[in-house]
Every structure is written in C-alpha cells, then in structure tokens.
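Take a look at the structure set out below.
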Amino acid sequence: MARPLAALPKAHLHLHFTGAMRHATLVDLAARHRAHLPEALQADWPPRLSAADERGWFRFQRLYDIARSVIRTEDDLRRLVRETAEDERAEGSGWLEIQVDPSGYAAYFGGITSVAELVLDAAAEAAAASGVGIGVIIAANRTKHPLEARTLARLAAGLAGHGVTGFGLSNDERRGKAADFAPAFRIAARAGLLAVPHGGELAGPESVRACLDELNADRIGHGVAAARDQELAERLAARQTTLEVCPASNVALGIAASPADVPLRILLDAGIQVALGADDPLLFGRRLVAQYEQARQVHGLPDETLADLARMSVRGSAAPPPVRARLLTGIDAWLAAPDPHRLPAPGNALTG
Ligand SMILES: [Zn+2]
C-alpha cells in the first residue's frame with residue numbers, strides 16, 4: 001500500500017484526440033459504422049509498435065488513421081470527449097489539454113472550422129458534466145505544407161478565449177523543419193496561445209533547440225532527447241520550459257528500449273519541469289495514472305517527487321488561476337495525508 005496515485009490531483013497536458021478514445025468505444029463505433037478494424041486494434045490490442053525505424057512509425061500512423069476514421073457523427077465525437085473527461089476525473093486529473101488537428105476530421109464534419117467549434121462545444125459540455133476543466137490545443141501537422149499550419153493557427157487564434165488554449169505541431173519531426181512553421185506559431189502567440197510543439201521524440205536535441213529558437217515553445221511535447229545534451233538541459237531548466245514526458249508512449253514506439261530507459265530522473269535531476277502524459281492511450285494501452293505508477297515503480301520516485309510532478313503539470317498548464325489553486329492545494333493535501341506505509345500497525349496503535 002502507498003498513497004493512491006489516482007487520488008493525486010494533477011493536470012494532463014499531452015493527450016491526442018483519437019488517441020484518448022476507450023478501446024471498447026473504438027470497437028463499438030467500428031461495428032456501428034461497419035468499418036473494418038485490423039487485428040492489432042481488436043483481438044491483438046494494444047498493438048505492438050516500434051518507431052525506431054520509419055516502418056514502425058508509419059504503422060503507428062496507419063493504425064491512428066484507421067481509429068480516427070470511426071469518428072463520423074456528432075454523437076461519436078461528443079461521446080469521445082465525454083468519456084475522456086470521465087476517465088480523466090477517475091484518474092485525478094482536474095485539468096486536461098486535448099490536442100486535435102481539425103483537418104483529420106474535416107471530411108465527416110464539414111470543414112476545419114465546424115470541427116473545431118464542435119470539439120469546443122463538446123469540451124465545454126464534458127467539462128461541465130465531469131468537473132474536469134478542458135482546454136483544446138489545435139495542432140498542425142509537420143508533414144503537411146506550412147501554409148496549412150498558418151490556416152490552422154488563424155483558426156486557433158480566432159477561438160482563443162473560447163476554449164482553445166494552445167497551438168501544437170505534431171507528427172513525424174524527421175520531416176518538416178520547425179523553422180518552416182514559425183509564421184504559424186507567431187499568429188498563435190499574438191492571440192495569447194501557448195506554443196506546444198512536439199520535439200526531441202523521434203529526432204535529437206537539435207529538434208528541441210529548434211522548437212525553442214524558431215517557435216518560442218512554452219512547452220515541448222516529449223523533448224526526452226534533451227537528456228542527452230547537458231547544455232540544452234540547463235537551458236530548459238533556466239527557461240522553465242515544461243517537457244511533456246510520455247513514458248508508455250516512448251517505450252511502445254521504441255524511443256526508449258524499456259521503461260527504465262525513459263530518462264525521467266535525468267531530466268528531473270537537471271531541474272527541468274516535467275509533466276507526465278499518456279499521448280495515445282488507445283494505441284499504447286495506458287492512461288495517465290499508469291505513467292505515475294511507472295515513475296514510482298520503475299524509477300523509484302518517492303511520493304514527494306510524484307507530488308512535484310503533479311505540481312509541475314499544473315504550473316505548466318493553461319488552467320485558469322482558480323483551477324490551479326484548487327489543484328495545488330489538493331496536491332499538498334494528498335502529500336500531507338499519512339503514507340499508509342508509515343502508519344503504525346493497528347495493534348500498536350491500540351496499545352501504544
Ligand atoms: Zn503526442
């Protein structure tokens with residue numbers, strides 16, 4: 001027994017839209033729409049992936065695209081967001097930032113603007129029902145033309161203050177240079193959105209540097225490559241740039257050979273702000289609490305450090321001040337509660 005990690009208040013800053021879907025919901029929606037799912041998304045779920053080579057990454061992308069294709073109606077989309085909020089609440093997450101590239105859903109929903117507006121409406125509805133605050137990150141795709149990213153940035157900027165809290169850049173960082181997307185990030189920054197590109201996952205430290213230098217990143221998706229570069233790690237620490245570290249994703253995609261190889265302790269020891277995330281639980285089989293469990297069990301982090309990780313997730317978020325204050329107070333209370341490990345045995349308590 002130890003302090004329950006689902007009861008630790010936290011924020012979840014790295015979760016993709018389709019990737020957040022429950023597996024049972026994927027299977028159900030596929031049946032309803034008579035969409036074929038490969039075995040890796042049915043009997044052999046969760047799929048075995050490895051992006052150490054490009055074939056593995058394409059396999060991951062292909063499975064993601066298939067999963068996304070079952071979201072076809074407004075009810076499907078609202079269900080995904082509602083269930084995600086319920087799952088977040090069950091895992092102690094009081095604030096969620098969910099990433100969506102509206103162009104991936106545009107075909108079934110009449111274009112990127114109507115997708116974005118529907119996602120925001122579904123998020124507001126799910127937040128009210130669950131009590132979990134939700135911010136939406138509009139994310140562009142690195143493998144597409146930078147002009148598409150600019151269009152998405154203008155869309156995101158127009159929805160700042162209506163539930164969009166950040167602008168992201170996802171997909172294969174080995175293609176698509178960060179600098180090409182600088183104009184899009186400037187549009188988002190002028191609207192007050194957080195800059196949250198992916199970097200330092202599939203590529204090395206230079207990709208994290210490009211996110212800082214070219215995109216003025218407030219946070220970085222993954223960024224684990226910074227563990228291999230001391231100068232960069234010092235810079236991230238000094239700049240207080242939060243890295244959204246997703247341990248289960250890193251292992252599933254072959255970024256880390258094993259859970260112990262995720263450089264969590266190196267990053268923390270360097271003084272870097274780290275927020276744990278699940279990335280795509282639909283494909284990696286683990287939600288948010290499992291990331292904290294791994295930090296405890298594999299990396300041996302004590303409850304004080306796990307509470308710090310939760311605090312860093314809140315501080316790196318776009319959550320409004322009252323939500324931040326409530327979560328930070330809750331984290332203090334979680335840590336102040338007695339550790340079940342250190343409680344005296346019942347007999348001692350009675351006689352002593
Ligand atoms: Zn991601």
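Every chain in the structure tokens takes a letter, A first, then B, and so on in the order presented; its residues are numbered from 1, and the ligands are numbered from 1 following the presented order.
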Point to revise | Glu83 of chain A surroundings by only C-alpha atoms, 10 Å radius, close-in-sequence under 6 positions cut, as a ChimeraX atom specification | key: /A:20-22,25,89,126,130
Point to revise | Close residues, segment 1-8 of chain A itself excluded, 9 Å, only C-alpha atoms, min 3 positions apart in chain, as a list in words | key: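 Once the nearby chain positions are removed, what remains is Arg89, Ala90, Glu91, Gly92, Ser93, Leu288, Val289, Ala290, Tyr292, Glu293, Asp303, Leu306, Ala307, Ala310, Gly330, Ile331, Trp334, Leu335, Ala337, Pro338, Asp339, Pro340 and His341 of chain A.
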Exercise for review: Around ligand 1, at most 12 Å away and counting only C-alpha atoms and all ligand atoms, which residues are there? Put them as a PyMOL selection string, please.
Suggested key: chain A and resi 13-20+60-61+64+97-101+137+139-141+168-173+196-202+220-223+243-250+253+276-281+283-284
Point to revise | Residue nearest Val115 of chain A - candidates A:Pro102, A:Pro46, A:Gly300, A:Pro263, atoms counted: only C-alpha atoms | key: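 Once distances to Val115 of chain A are computed over only C-alpha atoms, the minimum belongs to A:Pro102.
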Check your understanding: Skipping near chain neighbours, those fewer than 5 positions away, what residues fall within 12 Å of Arg228 of chain A using only C-alpha atoms, listed as a ChimeraX atom specification?
Key -> /A:200-201,203-206,208,223,233-234,262-264,266-267,270
Go ahead and save the picked residues with N, CA and C atoms, as a short mmCIF file (atom, residue, chain, number, x, y, z; two decimals), in the first residue's frame.
```cif
data_model
loop_
_atom_site.label_atom_id
_atom_site.label_comp_id
_atom_site.auth_asym_id
_atom_site.auth_seq_id
_atom_site.Cartn_x
_atom_site.Cartn_y
_atom_site.Cartn_z
N GLY A 200 12.12 16.48 -30.10
CA GLY A 200 13.01 15.67 -29.28
C GLY A 200 12.41 14.33 -28.90
N GLU A 201 11.56 13.81 -29.79
CA GLU A 201 10.99 12.46 -29.59
C GLU A 201 11.67 11.53 -30.59
N ALA A 203 13.50 12.73 -33.15
CA ALA A 203 14.76 13.38 -33.52
C ALA A 203 15.52 13.78 -32.26
N GLY A 204 16.71 14.34 -32.46
CA GLY A 204 17.61 14.58 -31.34
C GLY A 204 17.47 15.96 -30.71
N PRO A 205 18.47 16.32 -29.87
CA PRO A 205 18.43 17.60 -29.16
C PRO A 205 18.26 18.81 -30.08
N GLU A 206 18.80 18.72 -31.32
CA GLU A 206 18.70 19.87 -32.22
C GLU A 206 17.24 20.21 -32.53
N VAL A 208 14.77 19.89 -30.36
CA VAL A 208 14.26 20.63 -29.19
C VAL A 208 14.73 22.09 -29.28
N GLY A 223 10.39 15.83 -25.84
CA GLY A 223 11.63 16.54 -25.51
C GLY A 223 12.65 15.68 -24.78
N ALA A 233 19.77 20.84 -21.61
CA ALA A 233 19.02 20.57 -20.37
C ALA A 233 19.09 21.77 -19.43
N GLU A 234 20.28 22.38 -19.33
CA GLU A 234 20.43 23.56 -18.47
C GLU A 234 19.59 24.72 -18.98
N VAL A 262 13.51 5.35 -20.03
CA VAL A 262 12.92 6.69 -20.16
C VAL A 262 13.71 7.60 -19.20
N PRO A 263 14.30 8.69 -19.71
CA PRO A 263 15.27 9.45 -18.88
C PRO A 263 14.60 10.39 -17.88
N LEU A 264 13.64 9.88 -17.15
CA LEU A 264 12.86 10.74 -16.26
C LEU A 264 13.72 11.34 -15.16
N ILE A 266 16.98 11.74 -15.09
CA ILE A 266 17.99 12.67 -15.64
C ILE A 266 17.38 14.05 -15.84
N LEU A 267 16.17 14.08 -16.41
CA LEU A 267 15.51 15.36 -16.67
C LEU A 267 15.18 16.07 -15.36
N ALA A 270 18.17 17.45 -13.62
CA ALA A 270 18.68 18.65 -14.28
C ALA A 270 17.85 19.88 -13.93
#
```
Review point. Using only C-alpha atoms, which residue out of A:Gln240, A:Thr165, A:Ser69, A:Ser207 lies closest to Leu193 of chain A?
Key: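 The answer is A:Thr165, which sits nearest to Leu193 of chain A.
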Check your understanding: atom CA of Glu125 of chain A and atom CA of Ala191 of chain A, how far apart in Å?
Key ->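 Value for the atom CA of Ala191 of chain A-atom CA of Glu125 of chain A distance: 24.0 Å.
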**Study point:** Pairwise distance for atom CA of Ser258 of chain A and atom CA of Gln291 of chain A, rounded to one decimal in Å
**Key:**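 Here the two named atoms are 13.5 Å from each other.
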Review point. When DSSP works through the backbone of this structure, what residues of segment 199-326 of chain A end up as alpha helix (DSSP H), shown as a ChimeraX atom specification?
Key: /A:205-215,230-239,247-252,264-269,281-284,288-297,303-315,321-326
Would you output that residue set with C-alpha atoms, as a CSV table (one decimal), in the first residue's frame?
```csv
chain,number,residue,atom,x,y,z
A,205,PRO,CA,18.4,17.6,-29.2
A,206,GLU,CA,18.7,19.9,-32.2
A,207,SER,CA,15.0,19.4,-32.7
A,208,VAL,CA,14.3,20.6,-29.2
A,209,ARG,CA,16.5,23.6,-29.8
A,210,ALA,CA,14.6,24.4,-33.0
A,211,CYS,CA,11.4,24.4,-31.0
A,212,LEU,CA,12.9,27.0,-28.6
A,213,ASP,CA,14.7,29.1,-31.2
A,214,GLU,CA,12.2,29.1,-34.0
A,215,LEU,CA,8.8,28.5,-32.3
A,230,GLN,CA,23.7,18.9,-20.9
A,231,GLU,CA,23.8,22.4,-22.3
A,232,LEU,CA,20.2,22.1,-23.6
A,233,ALA,CA,19.0,20.6,-20.4
A,234,GLU,CA,20.4,23.6,-18.5
A,235,ARG,CA,18.8,25.9,-20.9
A,236,LEU,CA,15.4,24.2,-20.5
A,237,ALA,CA,15.7,24.3,-16.7
A,238,ALA,CA,16.7,28.0,-16.7
A,239,ARG,CA,13.8,28.8,-19.1
A,247,PRO,CA,6.8,7.1,-20.7
A,248,ALA,CA,4.4,4.4,-22.1
A,249,SER,CA,4.5,6.1,-25.5
A,250,ASN,CA,8.3,6.2,-25.5
A,251,VAL,CA,8.5,2.5,-24.8
A,252,ALA,CA,5.8,1.5,-27.3
A,264,LEU,CA,12.9,10.7,-16.3
A,265,ARG,CA,15.4,11.0,-13.4
A,266,ILE,CA,18.0,12.7,-15.6
A,267,LEU,CA,15.5,15.4,-16.7
A,268,LEU,CA,14.3,15.9,-13.1
A,269,ASP,CA,17.8,16.0,-11.7
A,281,PRO,CA,-3.7,5.5,-24.6
A,282,LEU,CA,-5.8,4.0,-27.4
A,283,LEU,CA,-2.6,2.8,-29.1
A,284,PHE,CA,-0.3,2.4,-26.1
A,288,LEU,CA,-2.4,8.9,-17.1
A,289,VAL,CA,-2.2,7.2,-13.7
A,290,ALA,CA,-0.1,4.4,-15.3
A,291,GLN,CA,2.6,6.9,-16.1
A,292,TYR,CA,2.8,8.0,-12.5
A,293,GLU,CA,2.8,4.3,-11.4
A,294,GLN,CA,5.7,3.7,-13.7
A,295,ALA,CA,7.6,6.7,-12.2
A,296,ARG,CA,7.0,5.2,-8.8
A,297,GLN,CA,7.8,1.6,-9.5
A,303,ASP,CA,5.7,10.4,-3.1
A,304,GLU,CA,7.3,13.9,-2.6
A,305,THR,CA,8.7,13.7,-6.1
A,306,LEU,CA,5.4,12.4,-7.5
A,307,ALA,CA,3.7,15.3,-5.9
A,308,ASP,CA,6.2,17.6,-7.5
A,309,LEU,CA,5.5,16.1,-10.9
A,310,ALA,CA,1.8,16.8,-10.3
A,311,ARG,CA,2.6,20.4,-9.3
A,312,MET,CA,4.7,20.8,-12.5
A,313,SER,CA,1.8,19.6,-14.6
A,314,VAL,CA,-0.4,22.2,-13.1
A,315,ARG,CA,2.1,25.0,-13.3
A,321,PRO,CA,-5.9,30.6,-11.7
A,322,PRO,CA,-8.8,29.2,-9.6
A,323,VAL,CA,-8.3,25.7,-11.1
A,324,ARG,CA,-4.6,25.9,-10.5
A,325,ALA,CA,-5.1,27.0,-6.9
A,326,ARG,CA,-7.5,24.2,-6.2
```
Exercise for review: Would you mind listing what lies within 8 Å of Gly94 of chain A as a list in words, with only C-alpha atoms counted and same-chain residues fewer than 6 positions away left out?
Suggested key: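 My list of contacting residues is Pro9, Lys10, Ala11, Glu88, Gly131, Val132, Gly133, Val323 and Leu327 of chain A.
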Practice item. Can you list, as number ranges by chain, all residues belonging to segment 38-98 of chain A that DSSP tags as strand (DSSP E)? Key: A: 93-98
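The interatomic distance for the pair atom CA of Leu301 of chain A and atom CA of Ala336 of chain A works out to 16.9 Å.
Closest to Thr143 of chain A among A:Ala116, A:Ala178, A:Ala124, A:Ala43 is A:Ala178, based on only C-alpha atoms.
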Point to revise | Near-Arg72 of chain A list (10 Å; only C-alpha atoms; drop same-chain fewer than 4 positions) as a ChimeraX atom specification | key: /A:29,33,68,76-77,105-109
Review point. In terms of the shortest atom-to-atom distance over only C-alpha atoms, which of A:Glu39, A:Ile187, A:Trp57, A:Ala179 is closest to Arg150 of chain A?
Key: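 Nearest candidate to Arg150 of chain A out of A:Glu39, A:Ile187, A:Trp57, A:Ala179: A:Ile187.
Of the residues listed (A:Ala156, A:Ala149, A:Ala30, A:Leu96), A:Leu96 shows the shortest atom-to-atom separation from Ala127 of chain A; distances use only C-alpha atoms.
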